[in-house]
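Quick notes on the structure that follows.
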Amino acid sequence: MSDFIKVSRDEIMDGKMERVLDFFRARSMWMLYYCTGCGAIELPPSMTSAFDMERFGLGPMATPRQADILLITGYISVKTLKRVIRSYEQMPDPKWVVGFGSCPVNGGIYWNSYATINQLEKYLPVDISIAGCMPRPQAVLDMFQKLKNMIQRGEAVGYKKYKLNYDWYKKNQDEVLNREEPVFREDELFSAPPEQISGEKITAGGNR
Amino acid sequence: MVIADFIPKNPGATLGFIVLTGIAAMAVGLLFMGIGRKLTARLQRRYGPPFWQSYIDVIKCFSRNSISHHYIMDLGSMMGLAGLLAAAMFVPVAGHLPFASTGPLIVILYLMPIGYLGMAMGVSASGNPLSAIGIGRALTLMVGYEVPFAVIMLSMIASFNTTGLLALHQIQQAGGWNLFTMPFGFIAAIIALQGMLAEKPFDTMIAPAEIASGPMVELSGKFLGMAFLQHAVAIFIETGIVVNLFLGGGRTIWEFLLKQFVLYMFAMALNGIYARYRVEQATRFLWFTAGSLAVVQLILNLLA
Amino acid sequence: MTRNALVERIEAETGIESRPRYSNQIEASVPRERIISFLSFLKTIGFEHLSNITAIDWIQDSTMEVVYNVWSYSERIHITVKSPVPRGNPVSFTCMGLWPQGRVYEQELHEMFGISFQGNPTQGPLFLHNWKDIPPLRKDFDTEEYSRRAYGYLEEEQ
């Protein structure tokens with residue numbers, strides 16, 4: 001994190017005139033339902049009758065051009081990361097990223113998988129995260145209340161962070177998406193077989 | 001005929017009246033949209049957004065950065081809104097019009113497609129193929145609902161020898177409402193109104209799950225705000241036309257707004273219940289069912 | 001035909017020893033050169049549906065086993081056919097001629113294990129994006145260490 005540009009709080013927070021518009025932006029947030037992983041199953045209960053989300057002004061929108069919030073729900077494989085970055089860059093300012101579930105925070109239950117990334121913070125500026133696998137609709141609504149307060153105070157400025165620190169984000173993204181070298185050298189592969197669980201010697205062909 | 005004949009007697013008041021009508025059309029349309037969302041939510045047994053939600057949505061849209069792909073996209077969006085605002089000038093509200101005119105229905109019915117064609121031009125300049133599909137469906141649907149409306153216009157000519165909405169308003173104030181003397185025409189107009197408003201079952205134009213909201217797929221920021229305002233003015237015009245044709249027009253402005261409101265709430269109630277027709281099913285329904293009711297009305301008017 | 005009758009018939013006509021396993025399953029192990037003829041024989045005696053092709057990496061024996069799961073709708077019997085290939089030269093033969101859906105399974109095995117199937121035209125990447133290392137489902141690939149090096153862990157950043 002040392003290449004991050006340091007700016008003062010006054011430079012990055014919204015000014016007084018913007019706060020008037022932030023009042024309206026906080027009460028009408030449209031989400032892009034990019035349901036990346038299994039966490040998306042908790043969004044329909046939040047939208048329908050019991051935990052009605054529309055009364056806060058939230059609603060689904062079909063394309064990145066019309067949406068304010070990008071919801072990253074669940075794990076992100078490398079293929080998905082490329083498309084999510086493209087969708088994020090297609091959205092007009094001001095925009096916010098919400099990390100939904102444990103997987104964008106620290107990898108979740110797929111922390112030791114070769115195919116999913118561990119920290120979304122390195123590739124996109126996340127404004128607010130919810131822990132949980134999956135978080136319940138009560139947690140989802142609590143998160144949207146907190147995001148609304150952050151926007152009204154002018155503190156949800158992830159998009160400005162992205163623009164000011166674009167080189168740092170791009171370096172991290174290229175490290176994953178445009179890799180040149182293999183991660184393991186020849187001599188770093190395992191040479192011994194993993195431990196047998198039951199102790200029985202099982203060979204090829206199923207002979208015991 | 002000199003040029004002085006075309007200048008109104010009191011240009012300042014006329015200009016003020018025109019601006020006031022434009023703002024009122026947008027404000028009333030947005031208010032109806034908000035209350036409509038509340039009604040849909042209550043039909044689905046949830047609370048729904050506050051009734052001023054559409055104003056907040058429009059202000060938020062205008063406060064964002066927008067991305068334009070071509071200068072035709074800017075011009076097309078402005079043309080869309082301008083065409084509909086021009087059509088709104090000819091709808092008499094409780095007998096008042098911004099300038100001296102008879103409120104001819106034919107003028108309104110050719111100024112409204114200027115709105116849609118402007119939107120189509122602007123959106124197809126964005127280059128997204130989904131918008132081309134959406135516009136194809138929207139214009140096909142327009143061919144669908146214009147047919148019953150044209151036949152209703154012919155039946156008005158057959159009965160009253162006029163298509164001026166102002167004259168129809170005055171005739172209905174003297175006699176009874178046309179709702180009772182021309183019931184078939186009223187039912188045909190209600191069905192055609194559902195198509196004009198692009199509400200279910202005739203909302204293939206928007207279709208968010210199929211074509212990513214059709215014509216609005218590339219609109220962001222101020223373009224999306226203008227699309228919302230277009231829809232709001234369209235609501236005002238279309239319900240205003242049907243109120244003037246069949247529901248007596250209204251003695252005061254509040255009565256006029258109340259009748260528009262009841263009509264729009266009925267349309268939103270149908271929207272909450274029905275599923276979506278495909279575009280060829282919708283066109284066929286509008287031509288044969290609504291069209292045949294209008295033709296029956298025309299024949300009754302010619303014989304009487 | 002019952003399961004035991006099928007076992008005897010397979011043994012009689014092809015010479016491959018197969019044994020019953022669990023309630024309605026048969027298991028057989030076939031050398032690499034005879035696998036396609038064995039599978040086409042199975043298709044003639046009523047095993048119409050190829051459910052799955054997968055592989056097991058026996059690193060301590062230096063072989064990889066390609067496993068075909070074939071199901072018979074008419075007899076309601078499942079057969080598991082195992083065919084070992086040497087780990088140093090993992091080449092086998094395609095079964096696309098018998099079942100067209102085998103093409104995708106073989107493409108996945110080529111990407112995840114490195115086994116190539118002669119006769120299959122699509123042996124390129126399927127799921128992994130820009131993959132530069134050895135095939136990841138082999139037993140000498142340490143997936144936890146890969147995740148740590150490529151994507152970082154949250155504790156190390158502080």
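FYI, nothing fancy with the structure tokens labels: chains A, B, ... in order, residues from 1 per chain, ligands from 1 as they appear.
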
Distance table requested - chain B against chain A, cut-off 8 Å, only C-alpha atoms: one row per qualifying residue with the closest atom pair and its distance in Å to one decimal, ordered by chain and rising residue number, as a tab-separated table.
```
residue	atom	partner	partner_atom	distance
B:Gln44	CA	A:Ser49	CA	6.9
B:Arg45	CA	A:Ser49	CA	6.0
B:Arg46	CA	A:Ser49	CA	4.8
B:Tyr47	CA	A:Arg55	CA	6.4
B:Gly48	CA	A:Arg55	CA	4.6
B:Pro49	CA	A:Arg55	CA	3.8
B:Pro50	CA	A:Arg55	CA	6.8
B:Gln53	CA	A:Gly57	CA	7.0
B:Ile56	CA	A:Phe24	CA	5.7
B:Asp57	CA	A:Ser28	CA	5.8
B:Ile59	CA	A:Phe24	CA	6.9
B:Lys60	CA	A:Arg25	CA	5.4
B:Ser63	CA	A:Leu21	CA	6.8
B:Arg64	CA	A:Asp93	CA	6.1
B:Asn65	CA	A:Asp93	CA	5.6
B:Ser66	CA	A:Pro92	CA	6.3
B:Ile67	CA	A:Pro92	CA	7.1
B:Pro208	CA	A:Ala62	CA	6.1
B:Ala209	CA	A:Ala62	CA	7.4
B:Ala212	CA	A:Ala62	CA	5.1
B:Ser213	CA	A:Ala62	CA	6.4
B:Val217	CA	A:Thr63	CA	6.2
B:Glu218	CA	A:Arg65	CA	6.0
B:Leu219	CA	A:Arg65	CA	6.4
B:Ser220	CA	A:Gln66	CA	5.2
B:Gly221	CA	A:Gln66	CA	7.4
B:Leu224	CA	A:Gln66	CA	7.5
```

Proximity check chain C to chain A, 9 Å, nearest pairs one decimal Å, only C-alpha atoms, as JSON lines:
```
{"residue": "C:Ala28", "atom": "CA", "partner": "A:Gly205", "partner_atom": "CA", "distance": 8.4}
{"residue": "C:Ser29", "atom": "CA", "partner": "A:Gly205", "partner_atom": "CA", "distance": 6.1}
{"residue": "C:Val30", "atom": "CA", "partner": "A:Gly205", "partner_atom": "CA", "distance": 9.0}
{"residue": "C:Ile56", "atom": "CA", "partner": "A:Ala204", "partner_atom": "CA", "distance": 8.7}
{"residue": "C:Asp57", "atom": "CA", "partner": "A:Ala204", "partner_atom": "CA", "distance": 8.9}
{"residue": "C:Trp58", "atom": "CA", "partner": "A:Ala204", "partner_atom": "CA", "distance": 6.5}
{"residue": "C:Ile59", "atom": "CA", "partner": "A:Pro193", "partner_atom": "CA", "distance": 6.2}
{"residue": "C:Gln60", "atom": "CA", "partner": "A:Pro193", "partner_atom": "CA", "distance": 6.1}
{"residue": "C:Asp61", "atom": "CA", "partner": "A:Thr203", "partner_atom": "CA", "distance": 7.2}
{"residue": "C:Thr63", "atom": "CA", "partner": "A:Ala204", "partner_atom": "CA", "distance": 7.4}
{"residue": "C:Met64", "atom": "CA", "partner": "A:Ala204", "partner_atom": "CA", "distance": 8.0}
{"residue": "C:Glu65", "atom": "CA", "partner": "A:Ala204", "partner_atom": "CA", "distance": 7.1}
{"residue": "C:Lys82", "atom": "CA", "partner": "A:Gly205", "partner_atom": "CA", "distance": 6.8}
{"residue": "C:Ser83", "atom": "CA", "partner": "A:Gly205", "partner_atom": "CA", "distance": 7.9}
{"residue": "C:Pro84", "atom": "CA", "partner": "A:Ala204", "partner_atom": "CA", "distance": 7.4}
{"residue": "C:Phe127", "atom": "CA", "partner": "A:Lys79", "partner_atom": "CA", "distance": 8.2}
{"residue": "C:Leu128", "atom": "CA", "partner": "A:Lys79", "partner_atom": "CA", "distance": 7.5}
{"residue": "C:His129", "atom": "CA", "partner": "A:Lys79", "partner_atom": "CA", "distance": 6.0}
{"residue": "C:Asn130", "atom": "CA", "partner": "A:Arg179", "partner_atom": "CA", "distance": 6.9}
{"residue": "C:Trp131", "atom": "CA", "partner": "A:Pro182", "partner_atom": "CA", "distance": 7.9}
{"residue": "C:Lys132", "atom": "CA", "partner": "A:Pro182", "partner_atom": "CA", "distance": 4.8}
{"residue": "C:Asp133", "atom": "CA", "partner": "A:Pro182", "partner_atom": "CA", "distance": 4.9}
{"residue": "C:Ile134", "atom": "CA", "partner": "A:Pro182", "partner_atom": "CA", "distance": 8.4}
{"residue": "C:Pro136", "atom": "CA", "partner": "A:Tyr114", "partner_atom": "CA", "distance": 7.8}
{"residue": "C:Lys139", "atom": "CA", "partner": "A:Pro193", "partner_atom": "CA", "distance": 7.1}
{"residue": "C:Asp140", "atom": "CA", "partner": "A:Phe190", "partner_atom": "CA", "distance": 4.3}
{"residue": "C:Phe141", "atom": "CA", "partner": "A:Leu189", "partner_atom": "CA", "distance": 6.0}
{"residue": "C:Asp142", "atom": "CA", "partner": "A:Phe190", "partner_atom": "CA", "distance": 7.1}
{"residue": "C:Thr143", "atom": "CA", "partner": "A:Tyr114", "partner_atom": "CA", "distance": 5.5}
{"residue": "C:Glu144", "atom": "CA", "partner": "A:Asn112", "partner_atom": "CA", "distance": 4.5}
{"residue": "C:Glu145", "atom": "CA", "partner": "A:Asn112", "partner_atom": "CA", "distance": 7.8}
{"residue": "C:Tyr146", "atom": "CA", "partner": "A:Tyr114", "partner_atom": "CA", "distance": 6.2}
{"residue": "C:Ser147", "atom": "CA", "partner": "A:Tyr114", "partner_atom": "CA", "distance": 5.3}
{"residue": "C:Arg148", "atom": "CA", "partner": "A:Asn112", "partner_atom": "CA", "distance": 7.6}
{"residue": "C:Arg149", "atom": "CA", "partner": "A:Val183", "partner_atom": "CA", "distance": 7.4}
{"residue": "C:Ala150", "atom": "CA", "partner": "A:Val183", "partner_atom": "CA", "distance": 7.1}
{"residue": "C:Tyr151", "atom": "CA", "partner": "A:Ile117", "partner_atom": "CA", "distance": 5.7}
{"residue": "C:Gly152", "atom": "CA", "partner": "A:Asn118", "partner_atom": "CA", "distance": 6.8}
{"residue": "C:Tyr153", "atom": "CA", "partner": "A:Asn118", "partner_atom": "CA", "distance": 6.8}
{"residue": "C:Leu154", "atom": "CA", "partner": "A:Asn106", "partner_atom": "CA", "distance": 6.0}
{"residue": "C:Glu157", "atom": "CA", "partner": "A:Met1", "partner_atom": "CA", "distance": 8.0}
```

Write to file, as a PDB file, in the first residue's frame, the residues of the selection just made, with C-alpha atoms.
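Saved file part_16.pdb follows:
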```pdb
ATOM      1  CA  ALA C  28     -13.767 -52.655 -14.798  1.00  0.00           C
ATOM      2  CA  SER C  29     -10.149 -51.790 -15.519  1.00  0.00           C
ATOM      3  CA  VAL C  30      -9.082 -51.699 -19.174  1.00  0.00           C
ATOM      4  CA  ILE C  56      -7.366 -39.560 -10.799  1.00  0.00           C
ATOM      5  CA  ASP C  57      -3.708 -38.715 -10.337  1.00  0.00           C
ATOM      6  CA  TRP C  58      -1.819 -41.599  -8.629  1.00  0.00           C
ATOM      7  CA  ILE C  59       1.445 -39.763  -8.124  1.00  0.00           C
ATOM      8  CA  GLN C  60       3.090 -42.527  -6.067  1.00  0.00           C
ATOM      9  CA  ASP C  61       2.495 -45.053  -8.901  1.00  0.00           C
ATOM     10  CA  THR C  63       0.072 -43.194 -13.463  1.00  0.00           C
ATOM     11  CA  MET C  64      -3.069 -41.223 -14.125  1.00  0.00           C
ATOM     12  CA  GLU C  65      -6.366 -43.057 -14.442  1.00  0.00           C
ATOM     13  CA  LYS C  82     -10.874 -47.153 -15.514  1.00  0.00           C
ATOM     14  CA  SER C  83      -8.002 -46.862 -17.936  1.00  0.00           C
ATOM     15  CA  PRO C  84      -4.496 -46.009 -16.672  1.00  0.00           C
ATOM     16  CA  PHE C 127     -12.147 -22.461 -17.603  1.00  0.00           C
ATOM     17  CA  LEU C 128      -8.816 -20.957 -16.606  1.00  0.00           C
ATOM     18  CA  HIS C 129      -7.803 -17.491 -17.687  1.00  0.00           C
ATOM     19  CA  ASN C 130      -4.223 -16.882 -18.835  1.00  0.00           C
ATOM     20  CA  TRP C 131      -2.855 -19.964 -17.055  1.00  0.00           C
ATOM     21  CA  LYS C 132       0.910 -20.307 -17.119  1.00  0.00           C
ATOM     22  CA  ASP C 133       1.589 -23.059 -14.543  1.00  0.00           C
ATOM     23  CA  ILE C 134       1.245 -26.847 -14.565  1.00  0.00           C
ATOM     24  CA  PRO C 136      -3.800 -27.432 -11.362  1.00  0.00           C
ATOM     25  CA  LYS C 139      -1.120 -33.800  -6.941  1.00  0.00           C
ATOM     26  CA  ASP C 140       2.195 -31.975  -7.145  1.00  0.00           C
ATOM     27  CA  PHE C 141       0.478 -28.590  -7.402  1.00  0.00           C
ATOM     28  CA  ASP C 142       0.166 -26.806  -4.041  1.00  0.00           C
ATOM     29  CA  THR C 143      -2.986 -24.779  -4.352  1.00  0.00           C
ATOM     30  CA  GLU C 144      -2.709 -23.036  -0.997  1.00  0.00           C
ATOM     31  CA  GLU C 145       0.796 -21.782  -1.744  1.00  0.00           C
ATOM     32  CA  TYR C 146      -0.339 -20.644  -5.184  1.00  0.00           C
ATOM     33  CA  SER C 147      -3.185 -18.659  -3.666  1.00  0.00           C
ATOM     34  CA  ARG C 148      -0.821 -17.052  -1.185  1.00  0.00           C
ATOM     35  CA  ARG C 149       1.697 -16.004  -3.816  1.00  0.00           C
ATOM     36  CA  ALA C 150      -0.677 -14.925  -6.554  1.00  0.00           C
ATOM     37  CA  TYR C 151      -3.462 -13.242  -4.616  1.00  0.00           C
ATOM     38  CA  GLY C 152      -1.983 -12.397  -1.230  1.00  0.00           C
ATOM     39  CA  TYR C 153      -3.328 -12.997   2.245  1.00  0.00           C
ATOM     40  CA  LEU C 154      -4.983 -10.349   4.367  1.00  0.00           C
ATOM     41  CA  GLU C 157      -0.587  -6.801   4.216  1.00  0.00           C
TER      42      GLU C 157
END
```

Please identify the helix (DSSP H, G or I) residues within chain C (assignment by DSSP from backbone atoms) and present them as a ChimeraX atom specification. /C:3-14,32-44,59-61,102-112,143-151,155-157

Please, could you write that set of residues out with C-alpha atoms as an mmCIF file, in the first residue's frame?
```cif
data_model
loop_
_atom_site.group_PDB
_atom_site.id
_atom_site.type_symbol
_atom_site.label_atom_id
_atom_site.label_comp_id
_atom_site.auth_asym_id
_atom_site.auth_seq_id
_atom_site.Cartn_x
_atom_site.Cartn_y
_atom_site.Cartn_z
ATOM 1 C CA ARG C 3 -25.861 -57.427 -12.933
ATOM 2 C CA ASN C 4 -24.141 -60.771 -12.547
ATOM 3 C CA ALA C 5 -25.252 -61.837 -16.004
ATOM 4 C CA LEU C 6 -23.735 -58.660 -17.416
ATOM 5 C CA VAL C 7 -20.463 -59.263 -15.563
ATOM 6 C CA GLU C 8 -20.226 -62.748 -17.003
ATOM 7 C CA ARG C 9 -21.069 -61.579 -20.484
ATOM 8 C CA ILE C 10 -18.402 -58.832 -20.407
ATOM 9 C CA GLU C 11 -15.830 -61.374 -19.218
ATOM 10 C CA ALA C 12 -16.818 -63.870 -21.845
ATOM 11 C CA GLU C 13 -16.807 -61.587 -24.858
ATOM 12 C CA THR C 14 -13.881 -59.283 -24.161
ATOM 13 C CA ARG C 32 -5.230 -47.964 -22.763
ATOM 14 C CA GLU C 33 -5.054 -49.616 -26.183
ATOM 15 C CA ARG C 34 -8.368 -51.447 -25.794
ATOM 16 C CA ILE C 35 -10.429 -48.681 -24.218
ATOM 17 C CA ILE C 36 -12.280 -47.492 -27.304
ATOM 18 C CA SER C 37 -13.204 -50.970 -28.467
ATOM 19 C CA PHE C 38 -14.388 -51.781 -24.955
ATOM 20 C CA LEU C 39 -16.554 -48.684 -24.807
ATOM 21 C CA SER C 40 -18.118 -49.413 -28.172
ATOM 22 C CA PHE C 41 -18.823 -52.964 -27.031
ATOM 23 C CA LEU C 42 -20.542 -51.538 -23.938
ATOM 24 C CA LYS C 43 -22.651 -49.301 -26.123
ATOM 25 C CA THR C 44 -23.907 -52.322 -28.054
ATOM 26 C CA ILE C 59 1.445 -39.763 -8.124
ATOM 27 C CA GLN C 60 3.090 -42.527 -6.067
ATOM 28 C CA ASP C 61 2.495 -45.053 -8.901
ATOM 29 C CA GLY C 102 -17.136 -36.475 -24.654
ATOM 30 C CA ARG C 103 -15.407 -33.621 -26.438
ATOM 31 C CA VAL C 104 -15.980 -31.151 -23.586
ATOM 32 C CA TYR C 105 -15.022 -33.585 -20.827
ATOM 33 C CA GLU C 106 -11.777 -34.375 -22.610
ATOM 34 C CA GLN C 107 -11.055 -30.679 -23.050
ATOM 35 C CA GLU C 108 -11.500 -30.185 -19.311
ATOM 36 C CA LEU C 109 -9.189 -33.122 -18.507
ATOM 37 C CA HIS C 110 -6.540 -31.721 -20.797
ATOM 38 C CA GLU C 111 -6.717 -28.374 -19.024
ATOM 39 C CA MET C 112 -6.848 -29.687 -15.459
ATOM 40 C CA THR C 143 -2.986 -24.779 -4.352
ATOM 41 C CA GLU C 144 -2.709 -23.036 -0.997
ATOM 42 C CA GLU C 145 0.796 -21.782 -1.744
ATOM 43 C CA TYR C 146 -0.339 -20.644 -5.184
ATOM 44 C CA SER C 147 -3.185 -18.659 -3.666
ATOM 45 C CA ARG C 148 -0.821 -17.052 -1.185
ATOM 46 C CA ARG C 149 1.697 -16.004 -3.816
ATOM 47 C CA ALA C 150 -0.677 -14.925 -6.554
ATOM 48 C CA TYR C 151 -3.462 -13.242 -4.616
ATOM 49 C CA GLU C 155 -2.672 -10.785 7.381
ATOM 50 C CA GLU C 156 0.492 -10.213 5.403
ATOM 51 C CA GLU C 157 -0.587 -6.801 4.216
#
```

Could you write out, as a count of residues only, all the residues of segment 46-199 of chain A that DSSP marks as strand (DSSP E)? 16

Selection near Met182 of chain B, 12 Å with only C-alpha atoms, sequence-local residues under 6 positions removed, as a ChimeraX atom specification: /B:152,155-156,159,176,188-189,245-247,293-301,304

Identify, on the basis of only C-alpha atoms, every residue whose closest approach to Pro148 of chain B does not exceed 12 Å; exclude the query and any residue fewer than 6 positions from it along the same chain; express the result as a PyMOL selection string. chain B and resi 142+154-155+184-193+195-196+283-298

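Across the structure, atom CA of Val262 of chain B and atom CA of Gly36 of chain B are spaced 10.7 Å apart.
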
If we count only C-alpha atoms and set the cut-off at 8 Å, which residues sit around Ser92 of chain C, ignoring sequence neighbours fewer than 5 positions away in its own chain? Please answer as number ranges by chain. C: 32, 85, 115-118

Mind giving me the straight-line distance from atom CA of Glu255 of chain B to atom CA of Leu97 of chain B in Å, one decimal? 16.2 Å
